[in-house]
Structure formats: structure tokens, C-alpha cells
Amino acid sequence: MTSDASPSINGAARVTTGKVRPHQTQNESLVFEKSSPGKRGYKLPPLDVPAIDIKALLGSAAREMPAALPELSEIEIIRHFTRLSTWNYAIDLGMYPLGSCTMKYNPRVNEFVARIEGLADAHPYRPDSLAQGALEVIDLLQRCLIEITGMDAITLQPAAGAHGEFTGILLVRAWHESNGNARRKIIIPDSAHGTNPATAAICGYTVENLKSNADGGIDLDALERQVDDETAALMLTNPSTLGVFENQIHKIADILHAKGALLYMDGANMNALVGKVRPGDFGVDVMHLNLHKTFSTPHGGGGPGSGPVACKAFLEPFLPTPVLVRREIEVNSPAPESWETVGDDQPAPLFRAPVAEPNSAEDPRKEHVTLCWDYDRPKSVGRVRAFYGNTGMFIRALAYILANGPDGLRQTTEDAVLNANYIRAKLEDLYELPYKTPSMHEVVFSDKRQAALGVKTGDIAKRLIDYGFHPYTVSFPLIVHGALMIEPTESESLEELDLFISAMRSIAKEVEESPDLVKSAPHSTRVSRLDEVQAARKPILRWRG
Amino acid sequence: MPYPANYRYTREHEWIELNGSVGTVGITDYAQNSLGDIVYVDVPKVGDTVTANATFGSVESVKAVSDLYSPVSGTVTATNEELKTAPDKINENAHGTWIIKVELSNPAEFNALLDAAAYESFISEETNS
Amino acid sequence: MRYLPKSPDERKKMLAEIGAKSIDDLFAIIPEEYRLTGDLNVPRQHAESEIIDYFRAAGDMNATGYTSFLGAGAYRHYRPVVIDALVQRGEFLTSYTPYQAEITQGTLQAIFEFQSMIAELTGMDVANASMYDGSTGAAEAVMMAVRVTGRHKAVAARTVHPEYREVLATYAKHQGIENIPFGYDRETGRVDLAALDAAITSETAAVLVQSPNFFGVVEDIPAIAAIAHAKGALLIVSIAEAVSLGTVRPPVEADIVTMEAQSFGVALSYGGPFCGVIAAKEQYLRQMPGRLVGQTVDGNGYRGFVLTLATREQHIRREKATSNICTNQALVALMATIFLTVYGKEGIRELAEHNMAKASYAAKTLSAAPGAKLLFDKAPRFHEFVLKTDEAPAVWNKRLMNSNIVGGIDLSRWYPEMEHATLWCATEVMTRENIDKAASVLAAAPVEA
């Protein structure tokens, strides 16, 4: 290992724990700055129909000035975006312990199958008879997710978690309205994600804050006092954002139900529960899932996500339009009771409709509609987006479930919880653990001891970058002052976990010995801390030629 | 930074100076210091009415928003245009940088506010708690 | 399980370090009555090869090898192969929202480039980092206009994509936003300007139109803007076919432009993931929803990019946020950015021109079929057109289907007054051969009176 004897910050900054060494990255200007007129990255085929006169067809609606898009050749395009990519940290490079985001491995077979012709090029308005493959995929994913959550019905339409919350709260509202009173307020614990109160507000509800108890959980007495006949629902994250399972969950549900209010569960932390316990069994009425968290669809630098909403049967009539229904024509087989085998040890078929033999005399694609979209839903909350949802994400999530099976899903959850507890056990002597309640899939420390020396959670996070890790989630949940929220997921090996632990321990030592080193981190990145104040005061949000 | 004796203060950290029936309102040095670098100030329009103890706008730092509470009730007669391009003036000189001017509808409200000594003891309690 | 990087011994060792006897100890906090004792009833573990077989079979059950004239808000365009080569780089695919700017400059700069390109194309000052899709983008734009104006009514043209209008209705309903439709001119297929004028009041926050509209007709944006602005309402222009901006004048008179960018290199994928975006005049910046990337400098004066103006967003402002949106469509926005770089300034125009040429030929050829007539033929169109037929669309389309051709969408599904009318689309990937084939199928068939 190279070491630098210099006591300066720059020298000390390079001495880390063995996961990383600095290497060159390429400079790259904005794509516009690389442009020169006449360069081409495309070639269209010759036009096989008569050319048109744009001006004659569009008149005054014709574009006069072309948009100032860049002009580059293909090799420059490849280099431009490849160089940009090397400036990113990613799960593929190492542990990404961003709490609440479940940065798990994104299997490559997911990407492969999502691009299969017939699925990737399926137009959403093709007749149902020509979309049976896509509908089978959607149907199977729906059944799997209903089973995993223990709920009765589901919609895959919402495009992301917050969009799922919106849909779920609309279901709550529609149900209350059908009972004569939409009710006025939604109760939200102070540990909740910011999307929860924002969602309640856009659904027309007043938000009432619920203070957490000394364990960071739901204070049952306070809840009892707060729930009244104007309470539409409690939005609960379980496990909570502290990574703690609400073990009084059944009492919480009872308190709400006794007053006619519903229990909404934010499923952001479902990675702690899959295969071990089902929200539908512990009293949840409606919940959303994040396919990009629990079910391994890629985060892609911020999306796309997918936020299915599962609910109990009494909320089913209110699901967004359309819903997938099965018209029982010539179904191959009923849903198997066990997916392991049917009959004579034959593997259970994943398809319920006849599989097409392309170009056979009787092409079932043209006639046999068994799955179709039902638009006749008079009680529906309406549509929450165009078409049916992020189908490309459904394919990936289903590929993940198929790769795991029931045993793999359970082992995944167990490993996620094991990893978080291992980190907790190895760091709790150096970092303050504000809540001692048992951790599930994530652990939340505070910077109390380090802050006393002038080093805050954000500084420790930045210093982790020098050690070759993505930072944990900083300053959330809000109920922990100076929070370090660490979610390793199941995807980390013991070796990677030990490197992370060693990095965190080394940083704790640095905080005591050379706090300025930590406070000025990162020291190893292309850019140092960026001036966010200038960015906000004088926003520059686009290139101008 | 000293807290001018001729100003009155709120527990939400606004100051007000009264000239005749017009109050000039800003935020205190304590407030700007706890917010950090101010990047944006959201103010009402001239002619809007404001109510004592109710929000009339907000100040933003990079990662926080803080509501502004009106010390008094009345009608907005002016807003500080300079803050649109230079919100940092508040960081530089909180007690010399006004945000809105208000024609008071109930001058008695002014006298009910904290004076400089009371405000300073209020913030020292807040700092220690 | 092949995704899990631990041996049984390592698990035991870790449990020992934690001080737990078995993994069950770590789940002891869950009340016993709720703990699952058996397996979930989901399919068994599958090998990778089996997974691929399953999805290939699913793909085969869908229509492949069909010629499709479908459009209506989801468009088939050629996707240059560099798009998938680049977006599948793990550094883009497996990173998340760029909160930590120092190690996400790649995503941040790419989004900044996306924002810049969208602003250039739409003629707006600023664009955000993306929304879920065009439909939610339109609804969010209306909510934005409500915040800007302080008014609580919106008027939406019936020529806006019907599903976008449904989404708007869902969003508007619980926020006290009254949502009023207004009609179109039956001759031109364009917004009925008199009806628009009559629909707007001093309470109207926003006028929402789409151009090219749902019938493929390009709207008279300057005239619509004049009517909206005369009564103090904001004009929101929704663009469902982004490629149109190559030849169609950008809606510079609009206050807010909301766009579905799927056409910029994004697969149809049976309806998603797509890529919405909101662009606007600078003075409305503070009311924009969604993420924004801004340029700044680091401590050494190097240019860098950060998420900025975050105080508008839910994680800070919570119930007072401009929107509850959190996740956006970053990877899809990246596809669009790469697509726009591939085509560039000249290519986007040439591409749009090809689309217009194919649709122009298809409209002429198919409307020559017996019993068919082209509607709105005097209005400027992009690459979609409406045919009126003597026969019911189901009869027409069945005939085409027998020749592996998917015909136009029956418009009576959304427009009861449009009986026997179908919406057709031809993009640059449509061949003359297939247009001629469709025409010959229709010409050969007997027409029942």
C-alpha cells in the first residue's frame, strides 16, 4: 500500500482502508460545446414516398429556426456519455447504503428480458388479442404481489412510489365518500417520508402530525386520542424509517378501524418483510410497493420507478381504470395451488392462456382473448396516468421474483436484515444509536458524538466517498438529529460489509484526530463540494449558445 | 449584532419598526444566522392584507424553508425589490434589510410585541434549551 | 440463490458477531401470529435460461411481425442502438438520484443537457429533469398554473389526449380545481376559438391544449394564446409527439409546455416507462414541480452541477410542496438526451420531415380506399390523420388484421360523435410497401353498403 508521509490534509486524505485507489477520469465538456455544424451521428434510409414541402403543409405553423441541438459523430457520442458515466458511483461499483432507497443489485437478465421483441415494441393500444403476452406478464406479477403483500387486489398503474401513495389515498378517500363522508384529515408520524404529507395534501386532506414515542414508534395513547371520526387514515411506514418493526401494529389497526379510519402502509421498507410477514395479515388496508426498491428494477439515476398499490377487497371497486380481468375462455389450467409441481411432477406452467404457435393455422393471437382491460368501473377513482403503468418495470420485477422463488425471496429478506444488524453490532460502540429497538433492514445512528467535535453527519457521509462508498442517507428521518441512515441490502458480501465498517471506524477516529480532514471531504473526487448557494441564488438551468 | 431598541420583535424572529402608522418588517440576525445562506425570499404583493401571527411569506436557504410571520395586521404597502436579486443582503445586515412595509390596521398590536431586551432573553433561552 | 453473496458459514459467523442464535432472533420483534411459517405461493426459483424462455414465449404471444398504424400518444420510432449500449452502463443504470453531487456528476451533467435540449426544442426558458409521463405532466402543469395565478379553474380542449384529460380530472378533483372541457371545430379538427373564448372567465387559471392534437392536427397556438392571455389565464401546451418539434413551430406563446418525450428513443413497452417533462417561462420557475439541475462551481472553481431549488420539493416542504413527486424518469430522460444528440440540429428536422411524408402518403393512399374519407383535410397535420369509413372500424380492422396489419384506433371510444372514424399514424419506420399493402387489402374487400 502506498502511503504519504505528509501530514497535510491532501496527504492524509489518500490514506484510506484498502478499497480504493485514485485513478484518472477524462474531462468532458457539455455536449453542446463539442458540436460543430455538419457533423452527423445518424443516417435515415432513403425516403420511399414522395417528399413533402413542410411550409406548404404546415403554413405558419412550420418551424422557422431549428432547435440548437448539438451536432456530433457517433464515436463522440459514445465517448461523451461514457465519460460522463465514469463520474458516477453506482451499485455495480460497490455498496450504496442509501437508507430508505434499497439500493440492491439490479440483475442483468431483467434488462435482457425487458428488451425482448414483442414486449419492448408492444403498442399500448394494440387490441387485447394481440397483447396476451404482455397481459399474462402483468397478470402473473399482480398475482405474485398480491400473495407477497397478503392483500386482495392490486393496480400496477402508478409510475412511482409517491404516485402510488397518491393512488392509495385516493382509494381511501373514495371509500369514505361512498360511505357518505370523505373525512378531513390524514395522520402522519413525524418519522415519515416527505412524500406522505405532500400526498395527503394533494388529495385534499389536512395533515396531522403524530409524535413518535420514546422508541421512535407509534405512541398508541397519542394515536387513540388523535383518531376521530374525521380521520380518513394513518399513513404508516412499517418497518418505520428507523428500520424498526411496529410490533403493536395490530393495535394500531384496531384503533383506526374502531373509528372507521383506514391503515395505509408506505411499502418503502418492504425489503424487510417479503416472505417473512405480510401487511395484509397484520391489518393494513391499502399500501404501495416500490418495484425499484424491493423488486430490483434499476434506479437509473433517479427513475423510472413503479409504485403498485395493493388493497383489501372492499377497496377494489375504486381501483384506477382500467383493471385487468380474465375472461374464462379456454384457459389452459386454473391457478395452481402450488407453483412447485402439478400432477405428475410436471413444473407448474407460468402461462394460464394457450401459448401461441406463431403462424400456426389457428393462431390464438387473433381470436382467443382471455385477459383484457375492463374500463367499466363506475366507482373507480379514475385514471392516474395514461395507459397501464410502467410495463417495462413489471417485466423486470417479475424476472426478479422468478429468479428468487419463495425460498430466495425469504433468504433475501433474511440477508438484508442480517447485514443491517451486523453493521449495527460493529459500529454501535463508535456511533450513537438513538433508538435501541431491534433493527430490521436498516440502522439509524446519530452524529451526536461526532457533532460534539464539530463534525456532522453530512461530513462523515462525504468522507465515506474517499473510502470508495456511496454515502448513507443523511439527516433523515427528521426525528433523529443528525441521522446516519444505513441500509446495506442483501446484496453486500461479508467482505464489502467489513470494508464499510472499517471505513466508518476509521472516519470516527479521524473525527477525533483530524476533524478538518473529514469536514473538507471529499478529497478524491473530480469536483470538491459544490457551491449550492450560488446555484440556488442565481439559477443556471440550461446551456445557452 | 445589536438588537435596535426602537424595534419590536416576535417569537418567530421577525422585527418591526414603526414610522407613524407604517411598520417596516424584517427578520432578526438570530433568524438569518440559524437559516444560513438565504437564497430566496417569497413576499406578498403590495395591497395584500397580512394578519398578526399569520404567515405572509417565506425565506429559503438551500435546504430549508422558514415561514415568515407577520408581527401586525394590516395592508402591504411596499416590498423590498432588492431581495429578488440579492437575498444575501439579509445575511449581511438583517436589521437593516427590510422585507415588507405594512400599514397597520390595529396599532395596539405593535405594543404587545417583545422589546429588544425581552427578545434577547427569549433567544438566549431558546439557544440554551 | 444466485444474487446473494454469502455462504452458509458466513451467515453463521455474522449471527455470532451480532450475538443472535439464529436468524429468527432478528425477526423476533414481529408478533408471532403474523410470521409466515410456510412458503409464499409464488413460482419456484427459475434458472436464468428459463426466465428468458418464459418472457420470449410471452413476447411471442404478443403480436410480432404485424404492421401497425397505431399512434395516439405512443409512437414507434427507430431507436439508435447507441442508446441501449449507453444506458445499460452500470454507472447510469445502477445509480440513484444525484443527491451526492461529487459522485454523480455524470447523471447531473446529462440531466442538465436534457433540460437544455428540451428548452431549445420547446422555446421555453427552463425545463425540469422529467416527470412520470405526458399525462401526469399535463396535470402537474395545471396545478402549477393554479399556484401561479391563484385562480381555481382550468379549461381543457377536447382535442387533448383523452387519457391525459382523465388523469387531469383525477388530479383536479380533490384540489378544488374546476375542470371544464371545450370543443373543436368539426371541419378543421382544431380548437374552436369561440368556444374557448366563451369557456374562459376571470377565474380561469389555465387553458390546456395539445399540439399536434389528438387528431394529429397542429393547433393555432398564437391565436389560442391571445385569447387565454386576454383574460389573464396561462396557456399550457401539451405535446404528445415530441418529434413534431423538428418541423412544427415551438409554442413560444405558451406559459408552460408539457411534453411526452417517449418518441425520443424510448421503447413503446406497452405504455411505459415513458418520460414526461415540464418546461416554462422563467418567471414561473419557483412553482415548477420536479427536480432541477443547475450549474455551479466547486471550491477550486471547476464547473459542476447540483440538484437545486430543492425547497420546492416534498422532502423539504412536505405538505406545502409544489408536488409529491420524488422519483423521476432519469434513465428515460437519458435515452432522450442520447437520441437528440444522435439526430442533432439537422437530424431532428429531417426525421420529422420523413414522418410527415409517410403520413401524408398514407393518408392519401388509405383515404382512396372504397368508402373511406380523410377528415380535417384542410388543417395542418403532423403524422396522424383521421379516416371516416362507411363501415364500422371493427369490420375494416378485422380485414386488415387477417393480413397482419393493425389498423387505426376507433375514435368513438372517446368521441361518441365520431362514428366510424379511426385515428391512424405513420412514422418514419412505416414503409411504402406496407401502406400499399394495407390499401390493397381495403380496396380488394367488398364494401357492404
# chains A, B, ... in the order shown; residues from 1 in each chain; ligands from 1

$ select_by_dssp --residues "chain B" --states "alpha helix (DSSP H)" --output "PyMOL selection string"
chain B and resi 29-35+82-85+88-92+108-111+116-128

$ interface_residues --of "chain B" --to "chain C" --cutoff "10 Å" --atoms "only C-alpha atoms" --output "VMD selection string"
chain B and resid 39 to 40 42 60 to 66

$ write_last_selection --atoms "C-alpha atoms" --output "CSV table (one decimal), in the first residue's frame"
chain,number,residue,atom,x,y,z
B,39,VAL,CA,-31.2,32.1,-1.4
B,40,TYR,CA,-34.8,33.3,-1.9
B,42,ASP,CA,-41.1,34.9,-1.0
B,60,GLU,CA,-35.4,29.9,1.9
B,61,SER,CA,-31.9,28.6,2.4
B,62,VAL,CA,-30.5,25.8,0.2
B,63,LYS,CA,-32.2,23.0,2.2
B,64,ALA,CA,-34.7,24.7,4.4
B,65,VAL,CA,-37.8,26.9,4.2
B,66,SER,CA,-38.9,29.1,7.0

$ residues_around --residues "Glu147 in chain A" --least-positions-apart "2" --cutoff "9 Å" --atoms "only C-alpha atoms" --output "list in words"
Gln142, Arg143, Cys144, Leu145, Thr149, Gly150, Met151, Asp152 and Arg278 of chain A; Leu40, Asn41 and Val42 of chain C

$ residues_around --residues "Ala141 in chain C" --least-positions-apart "6" --cutoff "10 Å" --atoms "only C-alpha atoms" --output "number ranges by chain"
C: 135, 147, 168, 206, 208, 235-238, 255-258, 277-280, 287-289

$ write_last_selection --atoms "C-alpha atoms" --output "mmCIF file, in the first residue's frame"
data_model
loop_
_atom_site.group_PDB
_atom_site.id
_atom_site.type_symbol
_atom_site.label_atom_id
_atom_site.label_comp_id
_atom_site.auth_asym_id
_atom_site.auth_seq_id
_atom_site.Cartn_x
_atom_site.Cartn_y
_atom_site.Cartn_z
ATOM 1 C CA SER C 135 -50.363 12.706 -18.832
ATOM 2 C CA ARG C 147 -50.394 28.181 -7.880
ATOM 3 C CA LEU C 168 -56.208 15.733 -15.116
ATOM 4 C CA ALA C 206 -55.091 27.709 -17.275
ATOM 5 C CA LEU C 208 -54.770 23.348 -21.725
ATOM 6 C CA LEU C 235 -51.586 28.802 -21.673
ATOM 7 C CA ILE C 236 -50.350 25.243 -21.243
ATOM 8 C CA VAL C 237 -49.424 23.392 -24.404
ATOM 9 C CA SER C 238 -49.166 19.618 -24.172
ATOM 10 C CA ASP C 255 -46.508 29.894 -20.453
ATOM 11 C CA ILE C 256 -45.944 26.219 -19.721
ATOM 12 C CA VAL C 257 -45.175 23.390 -22.116
ATOM 13 C CA THR C 258 -45.656 19.811 -21.002
ATOM 14 C CA VAL C 277 -41.265 16.903 -18.905
ATOM 15 C CA ILE C 278 -42.420 20.376 -17.894
ATOM 16 C CA ALA C 279 -40.869 23.467 -19.431
ATOM 17 C CA ALA C 280 -41.892 27.030 -18.667
ATOM 18 C CA GLN C 287 -43.726 26.983 -8.974
ATOM 19 C CA MET C 288 -42.351 24.198 -11.146
ATOM 20 C CA PRO C 289 -42.694 20.655 -9.832
#

$ atom_distance --atom1 "CA of Ala368 in chain C" --atom2 "CA of Ala352 in chain C"
24.4 Å

$ interface_residues --of "chain A" --to "chain B" --cutoff "8 Å" --atoms "only C-alpha atoms" --output "MDAnalysis selection string"
chainID A and resid 532:533 536:537

$ residues_around --residues "Gly38 in chain C" --least-positions-apart "6" --cutoff "10 Å" --atoms "only C-alpha atoms" --output "PyMOL selection string"
chain A and resi 275-276+406-407

$ write_last_selection --atoms "N, CA and C atoms" --output "CSV table (one decimal), in the first residue's frame"
chain,number,residue,atom,x,y,z
A,275,GLY,N,-41.7,-12.4,2.3
A,275,GLY,CA,-41.5,-13.8,2.7
A,275,GLY,C,-41.5,-14.2,4.1
A,276,LYS,N,-41.5,-13.1,5.0
A,276,LYS,CA,-41.5,-13.3,6.4
A,276,LYS,C,-42.8,-12.9,7.1
A,406,PRO,N,-40.0,-18.6,-3.8
A,406,PRO,CA,-40.3,-18.3,-2.4
A,406,PRO,C,-39.2,-18.4,-1.5
A,407,ASP,N,-38.3,-19.4,-1.7
A,407,ASP,CA,-37.1,-19.6,-0.8
A,407,ASP,C,-36.1,-18.4,-1.0

$ residues_around --residues "Asp190 in chain A" --least-positions-apart "2" --cutoff "6 Å" --atoms "only C-alpha atoms" --output "PyMOL selection string"
chain A and resi 192+209-211

$ closest_residue --among "C:Ile111, C:Ala198, C:Val87, C:Val248" --to "chain A" --atoms "only C-alpha atoms"
C:Val248

$ residues_around --residues "Tyr3 in chain B" --least-positions-apart "5" --cutoff "9 Å" --atoms "only C-alpha atoms" --output "list in words"
Thr28, Asp29, His95, Ala116, Ala117, Tyr119 and Glu120 of chain B

$ atom_distance --atom1 "CA of Tyr69 in chain B" --atom2 "CA of Phe56 in chain B"
5.9 Å

$ closest_residue --among "C:Thr322, C:Thr149, C:Ser95, C:Thr122" --to "chain A" --atoms "only C-alpha atoms"
C:Ser95

$ closest_residue --among "C:Ala439, C:Ile180, C:Ala242, C:Val167" --to "chain A" --atoms "only C-alpha atoms"
C:Val167

$ closest_residue --among "C:Arg318, C:Arg249, C:Lys373, C:His77" --to "Lys55 in chain A" --atoms "only C-alpha atoms"
C:Arg249

$ closest_residue --among "B:Ile90, B:Ala54, B:Val22, B:Ala31" --to "Thr75 in chain B" --atoms "only C-alpha atoms"
B:Val22
